[in-house]
Amino acid sequence: MADVLVAGSTGLVGSAFLAAIKQNRSFREVIAVSRREIASIGDAANIQQRIIDFDRLNDYKNELAATSTFCALGTTIKKAGTKERFRRVDYQLPLDLARIVLENNCQNFILISAVGANPDSKIFYNRIKGELEAQIQKLPFRSIHILRPSLILGQRDEVRMGEMIGKLFLQPISPLFPVRYRPIQAAAIAKKALHLLETGKAGIHIYEGAALRGSE
């Protein structure tokens with residue numbers, strides 16, 4: 001069994017997490033699953049890449065075994081094309097993955113969610129994130145860590161116009177915002193997640209604002 005399974009490996013936060021963990025000797029076997037090859041981890045001695053079809057997740061069940069899972073699966077409604085497809089990627093796939101790794105005796109699950117996640121929200125995006133959080137928390141992992149960032153900063157492979165506008169206009173005045181709504185670097189989120197894996201704190205924990213940025 002691997003030490004860590006990483007899903008959402010090609011996204012902004014997933015890429016930052018892989019960059020951090022490949023430098024960490026505490027984790028000798030990491031599995032990064034994705035739809036395409038990741039050039040940035042080609043030289044990583046501790047990371048094995050497995051290209052899978054997420055629409056046939058159960059076919060890879062035997063390959064999805066690790067003590068801890070880091071899940072940063074997600075998309076945008078624009079990229080998904082429909083709300084139904086968005087729900088498939090941001091809700092059903094992470095939940096299916098969580099159930100599979102749990103069956104494979106995974107102990108710890110880290111979920112990258114979003115600030116404002118609430119299953120009762122009138123905002124579709126926030127509601128889907130909240131529904132996923134609620135379902136994940138019902139699963140009997142030893143530890144569940146839910147990270148709720150606001151606008152995530154970093155270099156993406158794709159251009160997201162909404163995020164670009166947000167960075168240009170919101171980042172300069174972000175110190176005026178409540179801390180939970182301030183933009184945060186993907187590398188900082190990755191650092192927090194890695195710290196949580198290293199400390200091995202049991203139970204269900206949610207991090208946003210100052211708690212997401214700190215080391216505890």
# chains A, B, ... in the order shown; residues from 1 in each chain; ligands from 1

call {"tool": "select_by_dssp", "arguments": {"residues": "range 22-57 of chain A", "states": "helix (DSSP H, G or I)", "output": "VMD selection string"}}
result
chain A and resid 39 to 41 54 to 57

call {"tool": "residues_around", "arguments": {"residues": "range 112-117 of chain A", "least_positions_apart": "4", "cutoff": "7 Å", "atoms": "only C-alpha atoms", "output": "PyMOL selection string"}}
result
chain A and resi 71-72+126-127+129-130+146-150+208

call {"tool": "closest_residue", "arguments": {"among": "A:Asn46, A:Pro94, A:Ile51, A:Ala202", "to": "Arg25 in chain A", "atoms": "only C-alpha atoms"}}
result
A:Asn46

call {"tool": "residues_around", "arguments": {"residues": "Arg87 in chain A", "least_positions_apart": "2", "cutoff": "12 Å", "atoms": "only C-alpha atoms", "output": "PyMOL selection string"}}
result
chain A and resi 73-77+80-85+89-95+124-132

call {"tool": "write_last_selection", "arguments": {"atoms": "N, CA and C atoms", "output": "PDB file, in the first residue's frame"}}
result
ATOM      1  N   LEU A  73      -9.928  17.035  -6.689  1.00  0.00           N
ATOM      2  CA  LEU A  73     -10.707  16.936  -7.916  1.00  0.00           C
ATOM      3  C   LEU A  73     -11.688  18.097  -8.014  1.00  0.00           C
ATOM      4  N   GLY A  74     -11.818  18.654  -9.203  1.00  0.00           N
ATOM      5  CA  GLY A  74     -12.761  19.751  -9.375  1.00  0.00           C
ATOM      6  C   GLY A  74     -12.644  20.388 -10.741  1.00  0.00           C
ATOM      7  N   THR A  75     -13.652  21.154 -11.104  1.00  0.00           N
ATOM      8  CA  THR A  75     -13.655  21.849 -12.375  1.00  0.00           C
ATOM      9  C   THR A  75     -14.436  23.146 -12.201  1.00  0.00           C
ATOM     10  N   THR A  76     -14.824  23.771 -13.294  1.00  0.00           N
ATOM     11  CA  THR A  76     -15.693  24.936 -13.260  1.00  0.00           C
ATOM     12  C   THR A  76     -16.948  24.605 -14.062  1.00  0.00           C
ATOM     13  N   ILE A  77     -18.014  25.313 -13.788  1.00  0.00           N
ATOM     14  CA  ILE A  77     -19.252  25.063 -14.527  1.00  0.00           C
ATOM     15  C   ILE A  77     -19.043  25.357 -16.007  1.00  0.00           C
ATOM     16  N   ALA A  80     -17.064  22.440 -17.433  1.00  0.00           N
ATOM     17  CA  ALA A  80     -17.887  21.227 -17.419  1.00  0.00           C
ATOM     18  C   ALA A  80     -18.959  21.271 -18.503  1.00  0.00           C
ATOM     19  N   GLY A  81     -19.482  22.463 -18.751  1.00  0.00           N
ATOM     20  CA  GLY A  81     -20.493  22.617 -19.795  1.00  0.00           C
ATOM     21  C   GLY A  81     -21.913  22.638 -19.290  1.00  0.00           C
ATOM     22  N   THR A  82     -22.192  21.824 -18.281  1.00  0.00           N
ATOM     23  CA  THR A  82     -23.531  21.773 -17.692  1.00  0.00           C
ATOM     24  C   THR A  82     -23.412  21.622 -16.184  1.00  0.00           C
ATOM     25  N   LYS A  83     -24.485  21.948 -15.485  1.00  0.00           N
ATOM     26  CA  LYS A  83     -24.496  21.755 -14.038  1.00  0.00           C
ATOM     27  C   LYS A  83     -24.407  20.274 -13.687  1.00  0.00           C
ATOM     28  N   GLU A  84     -25.013  19.464 -14.518  1.00  0.00           N
ATOM     29  CA  GLU A  84     -24.991  18.025 -14.261  1.00  0.00           C
ATOM     30  C   GLU A  84     -23.562  17.476 -14.349  1.00  0.00           C
ATOM     31  N   ARG A  85     -22.823  17.919 -15.353  1.00  0.00           N
ATOM     32  CA  ARG A  85     -21.439  17.471 -15.502  1.00  0.00           C
ATOM     33  C   ARG A  85     -20.574  18.030 -14.378  1.00  0.00           C
ATOM     34  N   VAL A  89     -18.247  15.860 -11.614  1.00  0.00           N
ATOM     35  CA  VAL A  89     -16.817  16.022 -11.347  1.00  0.00           C
ATOM     36  C   VAL A  89     -16.542  16.481  -9.919  1.00  0.00           C
ATOM     37  N   ASP A  90     -17.340  17.413  -9.426  1.00  0.00           N
ATOM     38  CA  ASP A  90     -17.057  18.016  -8.123  1.00  0.00           C
ATOM     39  C   ASP A  90     -17.742  17.325  -6.950  1.00  0.00           C
ATOM     40  N   TYR A  91     -18.701  16.476  -7.234  1.00  0.00           N
ATOM     41  CA  TYR A  91     -19.384  15.762  -6.149  1.00  0.00           C
ATOM     42  C   TYR A  91     -19.233  14.250  -6.281  1.00  0.00           C
ATOM     43  N   GLN A  92     -19.706  13.704  -7.396  1.00  0.00           N
ATOM     44  CA  GLN A  92     -19.766  12.244  -7.503  1.00  0.00           C
ATOM     45  C   GLN A  92     -18.393  11.589  -7.581  1.00  0.00           C
ATOM     46  N   LEU A  93     -17.485  12.141  -8.371  1.00  0.00           N
ATOM     47  CA  LEU A  93     -16.156  11.525  -8.486  1.00  0.00           C
ATOM     48  C   LEU A  93     -15.393  11.527  -7.160  1.00  0.00           C
ATOM     49  N   PRO A  94     -15.326  12.670  -6.449  1.00  0.00           N
ATOM     50  CA  PRO A  94     -14.635  12.634  -5.151  1.00  0.00           C
ATOM     51  C   PRO A  94     -15.279  11.669  -4.162  1.00  0.00           C
ATOM     52  N   LEU A  95     -16.607  11.599  -4.180  1.00  0.00           N
ATOM     53  CA  LEU A  95     -17.297  10.696  -3.256  1.00  0.00           C
ATOM     54  C   LEU A  95     -17.035   9.244  -3.628  1.00  0.00           C
ATOM     55  N   PHE A 124     -25.374  27.468  -6.342  1.00  0.00           N
ATOM     56  CA  PHE A 124     -25.178  26.090  -6.798  1.00  0.00           C
ATOM     57  C   PHE A 124     -23.789  25.563  -6.452  1.00  0.00           C
ATOM     58  N   TYR A 125     -22.751  26.324  -6.766  1.00  0.00           N
ATOM     59  CA  TYR A 125     -21.372  25.897  -6.501  1.00  0.00           C
ATOM     60  C   TYR A 125     -21.173  25.591  -5.027  1.00  0.00           C
ATOM     61  N   ASN A 126     -21.578  26.506  -4.164  1.00  0.00           N
ATOM     62  CA  ASN A 126     -21.405  26.311  -2.723  1.00  0.00           C
ATOM     63  C   ASN A 126     -22.225  25.133  -2.210  1.00  0.00           C
ATOM     64  N   ARG A 127     -23.393  24.938  -2.797  1.00  0.00           N
ATOM     65  CA  ARG A 127     -24.246  23.831  -2.359  1.00  0.00           C
ATOM     66  C   ARG A 127     -23.618  22.480  -2.704  1.00  0.00           C
ATOM     67  N   ILE A 128     -23.072  22.356  -3.913  1.00  0.00           N
ATOM     68  CA  ILE A 128     -22.430  21.103  -4.304  1.00  0.00           C
ATOM     69  C   ILE A 128     -21.238  20.803  -3.397  1.00  0.00           C
ATOM     70  N   LYS A 129     -20.422  21.816  -3.129  1.00  0.00           N
ATOM     71  CA  LYS A 129     -19.279  21.635  -2.241  1.00  0.00           C
ATOM     72  C   LYS A 129     -19.743  21.219  -0.843  1.00  0.00           C
ATOM     73  N   GLY A 130     -20.806  21.838  -0.369  1.00  0.00           N
ATOM     74  CA  GLY A 130     -21.329  21.504   0.951  1.00  0.00           C
ATOM     75  C   GLY A 130     -21.910  20.105   1.016  1.00  0.00           C
ATOM     76  N   GLU A 131     -22.593  19.694  -0.052  1.00  0.00           N
ATOM     77  CA  GLU A 131     -23.151  18.342  -0.091  1.00  0.00           C
ATOM     78  C   GLU A 131     -22.042  17.293  -0.067  1.00  0.00           C
ATOM     79  N   LEU A 132     -20.964  17.569  -0.799  1.00  0.00           N
ATOM     80  CA  LEU A 132     -19.840  16.632  -0.788  1.00  0.00           C
ATOM     81  C   LEU A 132     -19.215  16.549   0.600  1.00  0.00           C
TER      82      LEU A 132
END

call {"tool": "select_by_dssp", "arguments": {"residues": "range 12-205 of chain A", "states": "strand (DSSP E)", "output": "number ranges by chain"}}
result
A: 30-34, 47-51, 66-71, 108-112, 143-147, 152-153, 184-185, 203-205

call {"tool": "atom_distance", "arguments": {"atom1": "CA of Asn58 in chain A", "atom2": "CA of Val33 in chain A"}}
result
13.4 Å

call {"tool": "residues_around", "arguments": {"residues": "Leu57 in chain A", "least_positions_apart": "2", "cutoff": "9 Å", "atoms": "only C-alpha atoms", "output": "list in words"}}
result
Ile52, Asp53, Phe54, Asp55, Asp59, Tyr60, Lys61, Leu93, Asp96, Leu97 and Ile100 of chain A

call {"tool": "write_last_selection", "arguments": {"atoms": "C-alpha atoms", "output": "PDB file, in the first residue's frame"}}
result
ATOM      1  CA  ILE A  52      -6.815   6.482 -15.472  1.00  0.00           C
ATOM      2  CA  ASP A  53     -10.256   7.106 -16.917  1.00  0.00           C
ATOM      3  CA  PHE A  54     -12.219   8.706 -14.094  1.00  0.00           C
ATOM      4  CA  ASP A  55     -15.460   7.755 -15.805  1.00  0.00           C
ATOM      5  CA  ASP A  59     -12.067  -0.487 -12.969  1.00  0.00           C
ATOM      6  CA  TYR A  60      -8.975   0.823 -11.177  1.00  0.00           C
ATOM      7  CA  LYS A  61     -10.076  -0.093  -7.682  1.00  0.00           C
ATOM      8  CA  LEU A  93     -16.156  11.525  -8.486  1.00  0.00           C
ATOM      9  CA  ASP A  96     -16.780   7.573  -5.355  1.00  0.00           C
ATOM     10  CA  LEU A  97     -13.028   7.874  -4.849  1.00  0.00           C
ATOM     11  CA  ILE A 100     -13.090   3.115  -2.941  1.00  0.00           C
TER      12      ILE A 100
END

call {"tool": "residues_around", "arguments": {"residues": "range 191-197 of chain A", "least_positions_apart": "5", "cutoff": "9 Å", "atoms": "only C-alpha atoms", "output": "PyMOL selection string"}}
result
chain A and resi 4+16-17+20-21+68+70+108+110+145+147+186+212-216

call {"tool": "atom_distance", "arguments": {"atom1": "CA of Gly200 in chain A", "atom2": "CA of Lys138 in chain A"}}
result
19.2 Å

call {"tool": "atom_distance", "arguments": {"atom1": "CA of Ile41 in chain A", "atom2": "CA of Ser15 in chain A"}}
result
9.2 Å

call {"tool": "residues_around", "arguments": {"residues": "Ala66 in chain A", "least_positions_apart": "3", "cutoff": "7 Å", "atoms": "only C-alpha atoms", "output": "PyMOL selection string"}}
result
chain A and resi 1-5+69+106

call {"tool": "write_last_selection", "arguments": {"atoms": "C-alpha atoms", "output": "mmCIF file, in the first residue's frame"}}
result
data_model
loop_
_atom_site.group_PDB
_atom_site.id
_atom_site.type_symbol
_atom_site.label_atom_id
_atom_site.label_comp_id
_atom_site.auth_asym_id
_atom_site.auth_seq_id
_atom_site.Cartn_x
_atom_site.Cartn_y
_atom_site.Cartn_z
ATOM 1 C CA MET A 1 0.000 0.000 0.000
ATOM 2 C CA ALA A 2 1.280 3.462 -0.926
ATOM 3 C CA ASP A 3 1.742 6.235 1.620
ATOM 4 C CA VAL A 4 -0.366 8.815 -0.242
ATOM 5 C CA LEU A 5 -2.761 8.806 -3.180
ATOM 6 C CA THR A 69 -5.668 10.289 0.176
ATOM 7 C CA CYS A 106 -7.286 4.198 3.634
#

call {"tool": "residues_around", "arguments": {"residues": "Asp43 in chain A", "least_positions_apart": "5", "cutoff": "12 Å", "atoms": "only C-alpha atoms", "output": "JSON, numbers by chain"}}
result
{"A": [18, 19, 22, 23, 38, 48, 49]}

call {"tool": "write_last_selection", "arguments": {"atoms": "N, CA and C atoms", "output": "short mmCIF file (atom, residue, chain, number, x, y, z; two decimals), in the first residue's frame"}}
result
data_model
loop_
_atom_site.label_atom_id
_atom_site.label_comp_id
_atom_site.auth_asym_id
_atom_site.auth_seq_id
_atom_site.Cartn_x
_atom_site.Cartn_y
_atom_site.Cartn_z
N LEU A 18 1.98 18.02 -5.22
CA LEU A 18 2.98 17.08 -5.73
C LEU A 18 4.37 17.69 -5.69
N ALA A 19 4.47 18.97 -5.99
CA ALA A 19 5.77 19.65 -5.95
C ALA A 19 6.34 19.63 -4.53
N LYS A 22 7.14 15.68 -3.33
CA LYS A 22 8.26 14.99 -3.96
C LYS A 22 9.59 15.39 -3.34
N GLN A 23 9.58 16.45 -2.53
CA GLN A 23 10.77 16.88 -1.81
C GLN A 23 10.80 16.35 -0.37
N ILE A 38 1.96 13.76 -16.40
CA ILE A 38 2.41 14.97 -15.70
C ILE A 38 3.93 15.06 -15.81
N GLN A 48 4.73 7.67 -8.23
CA GLN A 48 4.34 6.85 -9.37
C GLN A 48 3.10 7.46 -10.00
N GLN A 49 3.12 7.64 -11.30
CA GLN A 49 1.95 8.19 -11.96
C GLN A 49 1.13 7.09 -12.60
#

call {"tool": "closest_residue", "arguments": {"among": "A:Lys201, A:Lys122, A:Arg99, A:Arg182", "to": "Pro140 in chain A", "atoms": "only C-alpha atoms"}}
result
A:Arg99

call {"tool": "closest_residue", "arguments": {"among": "A:Gly11, A:Ala45, A:Ala188, A:Asn62", "to": "Gln155 in chain A", "atoms": "only C-alpha atoms"}}
result
A:Gly11

call {"tool": "decode", "arguments": {"residues": "range 19-47 of chain A", "atoms": "N, CA and C atoms", "output": "JSON list (two decimals), in the first residue's frame"}}
result
[["chain", "number", "residue", "atom", "x", "y", "z"],
["A", 19, "ALA", "N", 4.47, 18.97, -5.99],
["A", 19, "ALA", "CA", 5.77, 19.65, -5.95],
["A", 19, "ALA", "C", 6.34, 19.63, -4.53],
["A", 20, "ALA", "N", 5.45, 19.74, -3.55],
["A", 20, "ALA", "CA", 5.89, 19.74, -2.15],
["A", 20, "ALA", "C", 6.25, 18.34, -1.67],
["A", 21, "ILE", "N", 5.41, 17.36, -2.01],
["A", 21, "ILE", "CA", 5.62, 16.03, -1.44],
["A", 21, "ILE", "C", 6.79, 15.30, -2.11],
["A", 22, "LYS", "N", 7.14, 15.68, -3.33],
["A", 22, "LYS", "CA", 8.26, 14.99, -3.96],
["A", 22, "LYS", "C", 9.59, 15.39, -3.34],
["A", 23, "GLN", "N", 9.58, 16.45, -2.53],
["A", 23, "GLN", "CA", 10.77, 16.88, -1.81],
["A", 23, "GLN", "C", 10.80, 16.35, -0.37],
["A", 24, "ASN", "N", 9.74, 15.63, 0.01],
["A", 24, "ASN", "CA", 9.58, 15.18, 1.39],
["A", 24, "ASN", "C", 9.92, 13.70, 1.51],
["A", 25, "ARG", "N", 10.96, 13.39, 2.24],
["A", 25, "ARG", "CA", 11.42, 12.00, 2.37],
["A", 25, "ARG", "C", 10.57, 11.17, 3.32],
["A", 26, "SER", "N", 9.61, 11.81, 3.99],
["A", 26, "SER", "CA", 8.74, 11.07, 4.89],
["A", 26, "SER", "C", 7.77, 10.17, 4.13],
["A", 27, "PHE", "N", 7.53, 10.53, 2.87],
["A", 27, "PHE", "CA", 6.58, 9.77, 2.06],
["A", 27, "PHE", "C", 7.33, 9.12, 0.90],
["A", 28, "ARG", "N", 7.60, 7.83, 1.05],
["A", 28, "ARG", "CA", 8.46, 7.14, 0.09],
["A", 28, "ARG", "C", 7.70, 6.60, -1.11],
["A", 29, "GLU", "N", 6.37, 6.48, -0.99],
["A", 29, "GLU", "CA", 5.59, 5.97, -2.12],
["A", 29, "GLU", "C", 4.30, 6.76, -2.26],
["A", 30, "VAL", "N", 4.25, 7.55, -3.31],
["A", 30, "VAL", "CA", 3.10, 8.40, -3.60],
["A", 30, "VAL", "C", 2.54, 8.00, -4.97],
["A", 31, "ILE", "N", 1.23, 7.87, -5.06],
["A", 31, "ILE", "CA", 0.58, 7.56, -6.33],
["A", 31, "ILE", "C", -0.19, 8.79, -6.78],
["A", 32, "ALA", "N", 0.12, 9.28, -7.97],
["A", 32, "ALA", "CA", -0.60, 10.42, -8.54],
["A", 32, "ALA", "C", -1.46, 9.92, -9.68],
["A", 33, "VAL", "N", -2.77, 10.03, -9.54],
["A", 33, "VAL", "CA", -3.68, 9.58, -10.60],
["A", 33, "VAL", "C", -4.17, 10.79, -11.38],
["A", 34, "SER", "N", -4.24, 10.64, -12.69],
["A", 34, "SER", "CA", -4.68, 11.74, -13.55],
["A", 34, "SER", "C", -5.11, 11.19, -14.90],
["A", 35, "ARG", "N", -5.70, 12.06, -15.70],
["A", 35, "ARG", "CA", -6.15, 11.67, -17.04],
["A", 35, "ARG", "C", -5.02, 11.74, -18.06],
["A", 36, "ARG", "N", -3.97, 12.48, -17.73],
["A", 36, "ARG", "CA", -2.86, 12.66, -18.68],
["A", 36, "ARG", "C", -1.53, 12.67, -17.94],
["A", 37, "GLU", "N", -0.48, 12.54, -18.71],
["A", 37, "GLU", "CA", 0.86, 12.49, -18.13],
["A", 37, "GLU", "C", 1.25, 13.83, -17.52],
["A", 38, "ILE", "N", 1.96, 13.76, -16.40],
["A", 38, "ILE", "CA", 2.41, 14.97, -15.70],
["A", 38, "ILE", "C", 3.93, 15.06, -15.81],
["A", 39, "ALA", "N", 4.40, 15.96, -16.63],
["A", 39, "ALA", "CA", 5.85, 16.07, -16.88],
["A", 39, "ALA", "C", 6.62, 16.51, -15.64],
["A", 40, "SER", "N", 6.01, 17.31, -14.80],
["A", 40, "SER", "CA", 6.72, 17.90, -13.66],
["A", 40, "SER", "C", 7.14, 16.88, -12.61],
["A", 41, "ILE", "N", 6.56, 15.67, -12.63],
["A", 41, "ILE", "CA", 6.93, 14.66, -11.62],
["A", 41, "ILE", "C", 7.70, 13.51, -12.26],
["A", 42, "GLY", "N", 8.13, 13.69, -13.49],
["A", 42, "GLY", "CA", 8.87, 12.64, -14.16],
["A", 42, "GLY", "C", 10.16, 12.26, -13.48],
["A", 43, "ASP", "N", 10.75, 13.21, -12.74],
["A", 43, "ASP", "CA", 12.02, 12.96, -12.07],
["A", 43, "ASP", "C", 11.85, 12.66, -10.58],
["A", 44, "ALA", "N", 10.61, 12.50, -10.13],
["A", 44, "ALA", "CA", 10.36, 12.28, -8.71],
["A", 44, "ALA", "C", 10.50, 10.81, -8.37],
["A", 45, "ALA", "N", 11.48, 10.49, -7.54],
["A", 45, "ALA", "CA", 11.75, 9.09, -7.19],
["A", 45, "ALA", "C", 10.63, 8.46, -6.36],
["A", 46, "ASN", "N", 9.90, 9.28, -5.62],
["A", 46, "ASN", "CA", 8.89, 8.74, -4.71],
["A", 46, "ASN", "C", 7.47, 8.80, -5.26],
["A", 47, "ILE", "N", 7.29, 9.27, -6.51],
["A", 47, "ILE", "CA", 5.95, 9.40, -7.07],
["A", 47, "ILE", "C", 5.76, 8.50, -8.28]]
